[in-house]
Amino acid sequence: MADNAETVLEAVDILQLMKLLPHRYPFLLVDRVIDIDGDNSAVGIKNVTVNEPHFQGHFPDQPVMPGVLTIDNAKFRRPVMPGDRLELHVRKIKRRGNIWRFACEGIVDGTKAAEAEISAMISPKPAS
């Protein structure tokens with residue numbers, strides 16, 4: 001997402017994501033990106049499965065996401081359950097240097113399940 005080049009991608013699979021992101025299990029919380037609009041917005045997919053660590057013990061008879069994940073300034077509107085296909089809609093709010101701020105929504109079956117604003121430090125990719 002550099003200023004000097006427009007990145008146009010329609011979809012990114014898990015192997016490409018793992019090349020682009022430093023995160024790994026259990027914190028690689030996206031399986032695929034299905035829509036990208038430069039550095040303005042993107043839609044990712046998280047296929048929620050019952051064997052994820054945040055479901056362990058939360059709650060024994062009704063596992064719900066985010067369970068034990070730590071998230072600030074978020075609103076949770078409905079539970080996300082194993083078997084759900086969670087769409088992660090992310091829109092850039094602003095950028096100051098390498099600090100970016102995003103508005104995010106989690107949507108399951110067309111219904112908003114959660115929303116939050118997040119900040120991320122994004123370093124430019126080193127020249128190869």
# chains A, B, ... in the order shown; residues from 1 in each chain; ligands from 1

call {"tool": "residues_around", "arguments": {"residues": "Lys112 (chain A)", "least_positions_apart": "3", "cutoff": "9 Å", "atoms": "only C-alpha atoms", "output": "MDAnalysis selection string"}}
result
chainID A and resid 76:78 105:109 115

call {"tool": "write_last_selection", "arguments": {"atoms": "all heavy atoms", "output": "CSV table (one decimal), in the first residue's frame"}}
result
chain,number,residue,atom,x,y,z
A,76,PHE,N,-19.8,-5.4,20.0
A,76,PHE,CA,-20.2,-6.7,19.5
A,76,PHE,C,-21.7,-6.8,19.5
A,76,PHE,O,-22.4,-6.6,20.5
A,76,PHE,CB,-19.6,-7.8,20.4
A,76,PHE,CG,-18.1,-7.8,20.5
A,76,PHE,CD1,-17.5,-7.1,21.5
A,76,PHE,CD2,-17.4,-8.3,19.4
A,76,PHE,CE1,-16.1,-7.1,21.5
A,76,PHE,CE2,-16.1,-8.3,19.4
A,76,PHE,CZ,-15.4,-7.6,20.4
A,77,ARG,N,-22.3,-7.0,18.3
A,77,ARG,CA,-23.7,-7.0,18.1
A,77,ARG,C,-24.4,-8.3,18.1
A,77,ARG,O,-25.6,-8.4,18.3
A,77,ARG,CB,-24.0,-6.2,16.8
A,77,ARG,CG,-23.3,-4.9,16.7
A,77,ARG,CD,-24.1,-3.9,16.0
A,77,ARG,NE,-23.4,-2.6,16.1
A,77,ARG,CZ,-23.7,-1.6,17.0
A,77,ARG,NH1,-24.6,-1.9,17.9
A,77,ARG,NH2,-23.1,-0.5,16.9
A,78,ARG,N,-23.7,-9.4,17.7
A,78,ARG,CA,-24.2,-10.7,17.8
A,78,ARG,C,-23.1,-11.7,17.9
A,78,ARG,O,-22.0,-11.4,17.5
A,78,ARG,CB,-25.1,-11.0,16.6
A,78,ARG,CG,-24.3,-11.0,15.2
A,78,ARG,CD,-24.9,-11.8,14.2
A,78,ARG,NE,-24.6,-13.2,14.4
A,78,ARG,CZ,-24.5,-14.1,13.5
A,78,ARG,NH1,-24.9,-13.9,12.3
A,78,ARG,NH2,-24.2,-15.4,13.8
A,105,GLU,N,-15.7,-3.7,10.2
A,105,GLU,CA,-17.0,-4.3,10.5
A,105,GLU,C,-16.8,-5.8,10.3
A,105,GLU,O,-16.2,-6.2,9.3
A,105,GLU,CB,-18.1,-3.8,9.7
A,105,GLU,CG,-18.5,-2.4,9.9
A,105,GLU,CD,-19.6,-1.9,9.0
A,105,GLU,OE1,-19.9,-2.5,8.0
A,105,GLU,OE2,-20.2,-0.9,9.4
A,106,GLY,N,-17.4,-6.6,11.1
A,106,GLY,CA,-17.5,-8.1,10.9
A,106,GLY,C,-18.9,-8.4,10.6
A,106,GLY,O,-19.8,-8.0,11.4
A,107,ILE,N,-19.1,-9.1,9.5
A,107,ILE,CA,-20.5,-9.3,9.0
A,107,ILE,C,-20.6,-10.8,8.8
A,107,ILE,O,-19.8,-11.5,8.2
A,107,ILE,CB,-20.8,-8.6,7.7
A,107,ILE,CG1,-20.7,-7.1,8.0
A,107,ILE,CG2,-22.1,-8.9,7.1
A,107,ILE,CD1,-20.8,-6.2,6.8
A,108,VAL,N,-21.7,-11.4,9.3
A,108,VAL,CA,-22.1,-12.8,9.1
A,108,VAL,C,-23.5,-12.9,8.5
A,108,VAL,O,-24.4,-12.3,9.0
A,108,VAL,CB,-22.0,-13.6,10.4
A,108,VAL,CG1,-22.5,-15.0,10.2
A,108,VAL,CG2,-20.6,-13.6,11.1
A,109,ASP,N,-23.6,-13.6,7.4
A,109,ASP,CA,-24.9,-13.7,6.7
A,109,ASP,C,-25.6,-12.4,6.5
A,109,ASP,O,-26.8,-12.2,6.7
A,109,ASP,CB,-25.8,-14.7,7.5
A,109,ASP,CG,-25.2,-16.1,7.5
A,109,ASP,OD1,-24.5,-16.5,6.5
A,109,ASP,OD2,-25.5,-16.8,8.5
A,115,GLU,N,-18.1,-4.3,15.3
A,115,GLU,CA,-17.4,-3.1,14.6
A,115,GLU,C,-16.4,-2.6,15.6
A,115,GLU,O,-16.5,-2.7,16.8
A,115,GLU,CB,-18.4,-2.1,14.3
A,115,GLU,CG,-19.2,-1.5,15.4
A,115,GLU,CD,-20.3,-0.5,15.0
A,115,GLU,OE1,-20.0,0.6,14.6
A,115,GLU,OE2,-21.5,-0.9,15.1

call {"tool": "select_by_dssp", "arguments": {"residues": "region 2-80 of chain A", "states": "strand (DSSP E or B)", "output": "ChimeraX atom specification"}}
result
/A:12,32-37,41-47,65,74-76,80

call {"tool": "closest_residue", "arguments": {"among": "A:Met18, A:Met121, A:Ala114, A:Ala103", "to": "Asn40 (chain A)", "atoms": "only C-alpha atoms"}}
result
A:Ala103

call {"tool": "closest_residue", "arguments": {"among": "A:Leu21, A:Met81, A:Ile36, A:Ala74", "to": "Val48 (chain A)", "atoms": "only C-alpha atoms"}}
result
A:Met81

call {"tool": "residues_around", "arguments": {"residues": "Thr70 (chain A)", "least_positions_apart": "5", "cutoff": "12 Å", "atoms": "only C-alpha atoms", "output": "JSON, numbers by chain"}}
result
{"A": [27, 54, 65]}

call {"tool": "write_last_selection", "arguments": {"atoms": "N, CA and C atoms", "output": "PDB file, in the first residue's frame"}}
result
ATOM      1  N   PHE A  27      -2.830 -16.054  15.409  1.00  0.00           N
ATOM      2  CA  PHE A  27      -3.191 -14.654  15.196  1.00  0.00           C
ATOM      3  C   PHE A  27      -3.327 -14.258  13.736  1.00  0.00           C
ATOM      4  N   HIS A  54      -9.375 -19.431  20.967  1.00  0.00           N
ATOM      5  CA  HIS A  54     -10.244 -18.538  21.739  1.00  0.00           C
ATOM      6  C   HIS A  54     -11.578 -19.188  22.107  1.00  0.00           C
ATOM      7  N   MET A  65     -17.179 -16.198  19.533  1.00  0.00           N
ATOM      8  CA  MET A  65     -16.030 -15.372  19.206  1.00  0.00           C
ATOM      9  C   MET A  65     -16.395 -13.932  19.564  1.00  0.00           C
TER      10      MET A  65
END

call {"tool": "select_by_dssp", "arguments": {"residues": "chain A", "states": "alpha helix (DSSP H)", "output": "list in words"}}
result
Ile14, Leu15, Gln16, Leu17, Met18, Lys19 and Leu20 of chain A

call {"tool": "residues_around", "arguments": {"residues": "region 82-88 of chain A", "least_positions_apart": "3", "cutoff": "12 Å", "atoms": "only C-alpha atoms", "output": "number ranges by chain"}}
result
A: 29-36, 41-56, 62-67, 78-79, 91, 102-116

call {"tool": "write_last_selection", "arguments": {"atoms": "C-alpha atoms", "output": "mmCIF file, in the first residue's frame"}}
result
data_model
loop_
_atom_site.group_PDB
_atom_site.id
_atom_site.type_symbol
_atom_site.label_atom_id
_atom_site.label_comp_id
_atom_site.auth_asym_id
_atom_site.auth_seq_id
_atom_site.Cartn_x
_atom_site.Cartn_y
_atom_site.Cartn_z
ATOM 1 C CA LEU A 29 -7.267 -14.165 11.676
ATOM 2 C CA VAL A 30 -8.052 -13.971 7.962
ATOM 3 C CA ASP A 31 -8.166 -16.797 5.407
ATOM 4 C CA ARG A 32 -8.678 -14.886 2.173
ATOM 5 C CA VAL A 33 -9.118 -11.353 0.876
ATOM 6 C CA ILE A 34 -11.866 -11.176 -1.750
ATOM 7 C CA ASP A 35 -11.947 -7.469 -2.621
ATOM 8 C CA ILE A 36 -9.291 -4.747 -2.491
ATOM 9 C CA SER A 41 -10.646 -0.608 1.674
ATOM 10 C CA ALA A 42 -10.717 -4.387 1.581
ATOM 11 C CA VAL A 43 -12.987 -7.325 2.393
ATOM 12 C CA GLY A 44 -11.462 -10.419 3.981
ATOM 13 C CA ILE A 45 -12.932 -13.799 4.917
ATOM 14 C CA LYS A 46 -12.394 -15.700 8.158
ATOM 15 C CA ASN A 47 -13.828 -19.221 8.214
ATOM 16 C CA VAL A 48 -14.585 -19.713 11.896
ATOM 17 C CA THR A 49 -13.846 -23.217 13.219
ATOM 18 C CA VAL A 50 -14.490 -24.731 16.642
ATOM 19 C CA ASN A 51 -10.851 -25.783 17.157
ATOM 20 C CA GLU A 52 -9.555 -22.200 17.438
ATOM 21 C CA PRO A 53 -7.879 -21.380 20.772
ATOM 22 C CA HIS A 54 -10.244 -18.538 21.739
ATOM 23 C CA PHE A 55 -13.124 -21.066 21.906
ATOM 24 C CA GLN A 56 -11.403 -23.311 24.449
ATOM 25 C CA GLN A 62 -21.742 -22.398 23.527
ATOM 26 C CA PRO A 63 -18.429 -21.313 21.962
ATOM 27 C CA VAL A 64 -18.535 -17.663 20.850
ATOM 28 C CA MET A 65 -16.030 -15.372 19.206
ATOM 29 C CA PRO A 66 -14.140 -13.320 20.381
ATOM 30 C CA GLY A 67 -14.171 -15.294 23.653
ATOM 31 C CA ARG A 78 -24.229 -10.727 17.783
ATOM 32 C CA PRO A 79 -22.243 -13.864 18.547
ATOM 33 C CA ARG A 91 -11.888 0.963 5.363
ATOM 34 C CA PHE A 102 -9.122 1.785 9.942
ATOM 35 C CA ALA A 103 -12.883 1.407 10.472
ATOM 36 C CA CYS A 104 -13.740 -2.291 10.595
ATOM 37 C CA GLU A 105 -16.956 -4.315 10.527
ATOM 38 C CA GLY A 106 -17.467 -8.051 10.944
ATOM 39 C CA ILE A 107 -20.478 -9.341 9.001
ATOM 40 C CA VAL A 108 -22.064 -12.821 9.106
ATOM 41 C CA ASP A 109 -24.885 -13.708 6.701
ATOM 42 C CA GLY A 110 -25.441 -10.041 5.840
ATOM 43 C CA THR A 111 -25.778 -8.982 9.501
ATOM 44 C CA LYS A 112 -23.217 -6.829 11.328
ATOM 45 C CA ALA A 113 -21.737 -8.898 14.143
ATOM 46 C CA ALA A 114 -19.069 -6.461 15.343
ATOM 47 C CA GLU A 115 -17.420 -3.133 14.635
ATOM 48 C CA ALA A 116 -14.269 -1.393 15.792
#

call {"tool": "decode", "arguments": {"residues": "region 71-110 of chain A", "atoms": "N, CA and C atoms", "output": "CSV table (one decimal), in the first residue's frame"}}
result
chain,number,residue,atom,x,y,z
A,71,ILE,N,-9.7,-7.0,22.7
A,71,ILE,CA,-10.0,-6.0,21.7
A,71,ILE,C,-10.5,-4.7,22.4
A,72,ASP,N,-10.0,-3.6,21.9
A,72,ASP,CA,-10.4,-2.3,22.5
A,72,ASP,C,-11.3,-1.6,21.6
A,73,ASN,N,-12.2,-0.7,22.2
A,73,ASN,CA,-13.1,0.2,21.5
A,73,ASN,C,-13.9,-0.6,20.4
A,74,ALA,N,-14.5,-1.7,20.8
A,74,ALA,CA,-15.3,-2.5,19.9
A,74,ALA,C,-16.7,-2.6,20.4
A,75,LYS,N,-17.6,-2.9,19.4
A,75,LYS,CA,-19.0,-3.2,19.8
A,75,LYS,C,-19.3,-4.5,19.2
A,76,PHE,N,-19.8,-5.4,20.0
A,76,PHE,CA,-20.2,-6.7,19.5
A,76,PHE,C,-21.7,-6.8,19.5
A,77,ARG,N,-22.3,-7.0,18.3
A,77,ARG,CA,-23.7,-7.0,18.1
A,77,ARG,C,-24.4,-8.3,18.1
A,78,ARG,N,-23.7,-9.4,17.7
A,78,ARG,CA,-24.2,-10.7,17.8
A,78,ARG,C,-23.1,-11.7,17.9
A,79,PRO,N,-23.3,-12.9,18.4
A,79,PRO,CA,-22.2,-13.9,18.5
A,79,PRO,C,-21.8,-14.4,17.2
A,80,VAL,N,-20.5,-14.7,17.1
A,80,VAL,CA,-20.0,-15.4,15.9
A,80,VAL,C,-19.7,-16.8,16.4
A,81,MET,N,-20.2,-17.8,15.7
A,81,MET,CA,-20.1,-19.2,16.1
A,81,MET,C,-19.3,-20.0,15.2
A,82,PRO,N,-18.8,-21.1,15.7
A,82,PRO,CA,-18.1,-22.0,14.7
A,82,PRO,C,-19.0,-22.4,13.6
A,83,GLY,N,-18.4,-22.4,12.4
A,83,GLY,CA,-19.2,-22.7,11.2
A,83,GLY,C,-19.6,-21.4,10.4
A,84,ASP,N,-19.5,-20.2,11.1
A,84,ASP,CA,-19.8,-19.0,10.4
A,84,ASP,C,-18.7,-18.6,9.5
A,85,ARG,N,-19.2,-17.9,8.4
A,85,ARG,CA,-18.2,-17.3,7.5
A,85,ARG,C,-18.2,-15.8,7.8
A,86,LEU,N,-17.2,-15.3,8.4
A,86,LEU,CA,-17.1,-13.9,8.9
A,86,LEU,C,-16.4,-13.1,7.8
A,87,GLU,N,-17.2,-12.1,7.3
A,87,GLU,CA,-16.6,-11.1,6.3
A,87,GLU,C,-16.1,-10.0,7.1
A,88,LEU,N,-14.8,-9.6,6.9
A,88,LEU,CA,-14.1,-8.5,7.6
A,88,LEU,C,-14.0,-7.3,6.6
A,89,HIS,N,-14.8,-6.3,6.8
A,89,HIS,CA,-14.8,-5.1,6.0
A,89,HIS,C,-14.0,-4.1,6.6
A,90,VAL,N,-12.9,-3.6,5.9
A,90,VAL,CA,-12.0,-2.7,6.5
A,90,VAL,C,-11.9,-1.5,5.6
A,91,ARG,N,-12.0,-0.3,6.1
A,91,ARG,CA,-11.9,1.0,5.4
A,91,ARG,C,-10.9,1.9,6.0
A,92,LYS,N,-10.0,2.4,5.2
A,92,LYS,CA,-9.0,3.4,5.8
A,92,LYS,C,-9.7,4.7,6.2
A,93,ILE,N,-9.4,5.1,7.4
A,93,ILE,CA,-9.9,6.4,7.9
A,93,ILE,C,-8.9,7.5,7.7
A,94,LYS,N,-7.6,7.2,8.1
A,94,LYS,CA,-6.6,8.2,7.9
A,94,LYS,C,-5.2,7.5,8.0
A,95,ARG,N,-4.2,8.3,7.5
A,95,ARG,CA,-2.9,7.8,7.6
A,95,ARG,C,-2.0,9.0,7.9
A,96,ARG,N,-1.1,8.8,8.9
A,96,ARG,CA,-0.1,9.8,9.3
A,96,ARG,C,1.2,9.1,9.3
A,97,GLY,N,2.1,9.3,8.3
A,97,GLY,CA,3.3,8.6,8.3
A,97,GLY,C,3.1,7.1,8.1
A,98,ASN,N,3.6,6.3,9.0
A,98,ASN,CA,3.4,4.9,8.9
A,98,ASN,C,2.3,4.4,9.8
A,99,ILE,N,1.6,5.3,10.4
A,99,ILE,CA,0.5,4.9,11.3
A,99,ILE,C,-0.8,5.1,10.5
A,100,TRP,N,-1.6,4.0,10.5
A,100,TRP,CA,-2.8,4.0,9.7
A,100,TRP,C,-4.0,3.7,10.7
A,101,ARG,N,-5.1,4.3,10.4
A,101,ARG,CA,-6.3,4.0,11.2
A,101,ARG,C,-7.4,3.5,10.3
A,102,PHE,N,-8.1,2.5,10.8
A,102,PHE,CA,-9.1,1.8,9.9
A,102,PHE,C,-10.4,1.7,10.7
A,103,ALA,N,-11.6,1.8,10.0
A,103,ALA,CA,-12.9,1.4,10.5
A,103,ALA,C,-13.2,0.0,10.0
A,104,CYS,N,-13.6,-0.9,10.9
A,104,CYS,CA,-13.7,-2.3,10.6
A,104,CYS,C,-15.1,-2.8,11.0
A,105,GLU,N,-15.7,-3.7,10.2
A,105,GLU,CA,-17.0,-4.3,10.5
A,105,GLU,C,-16.8,-5.8,10.3
A,106,GLY,N,-17.4,-6.6,11.1
A,106,GLY,CA,-17.5,-8.1,10.9
A,106,GLY,C,-18.9,-8.4,10.6
A,107,ILE,N,-19.1,-9.1,9.5
A,107,ILE,CA,-20.5,-9.3,9.0
A,107,ILE,C,-20.6,-10.8,8.8
A,108,VAL,N,-21.7,-11.4,9.3
A,108,VAL,CA,-22.1,-12.8,9.1
A,108,VAL,C,-23.5,-12.9,8.5
A,109,ASP,N,-23.6,-13.6,7.4
A,109,ASP,CA,-24.9,-13.7,6.7
A,109,ASP,C,-25.6,-12.4,6.5
A,110,GLY,N,-24.8,-11.3,6.1
A,110,GLY,CA,-25.4,-10.0,5.8
A,110,GLY,C,-25.8,-9.2,7.1
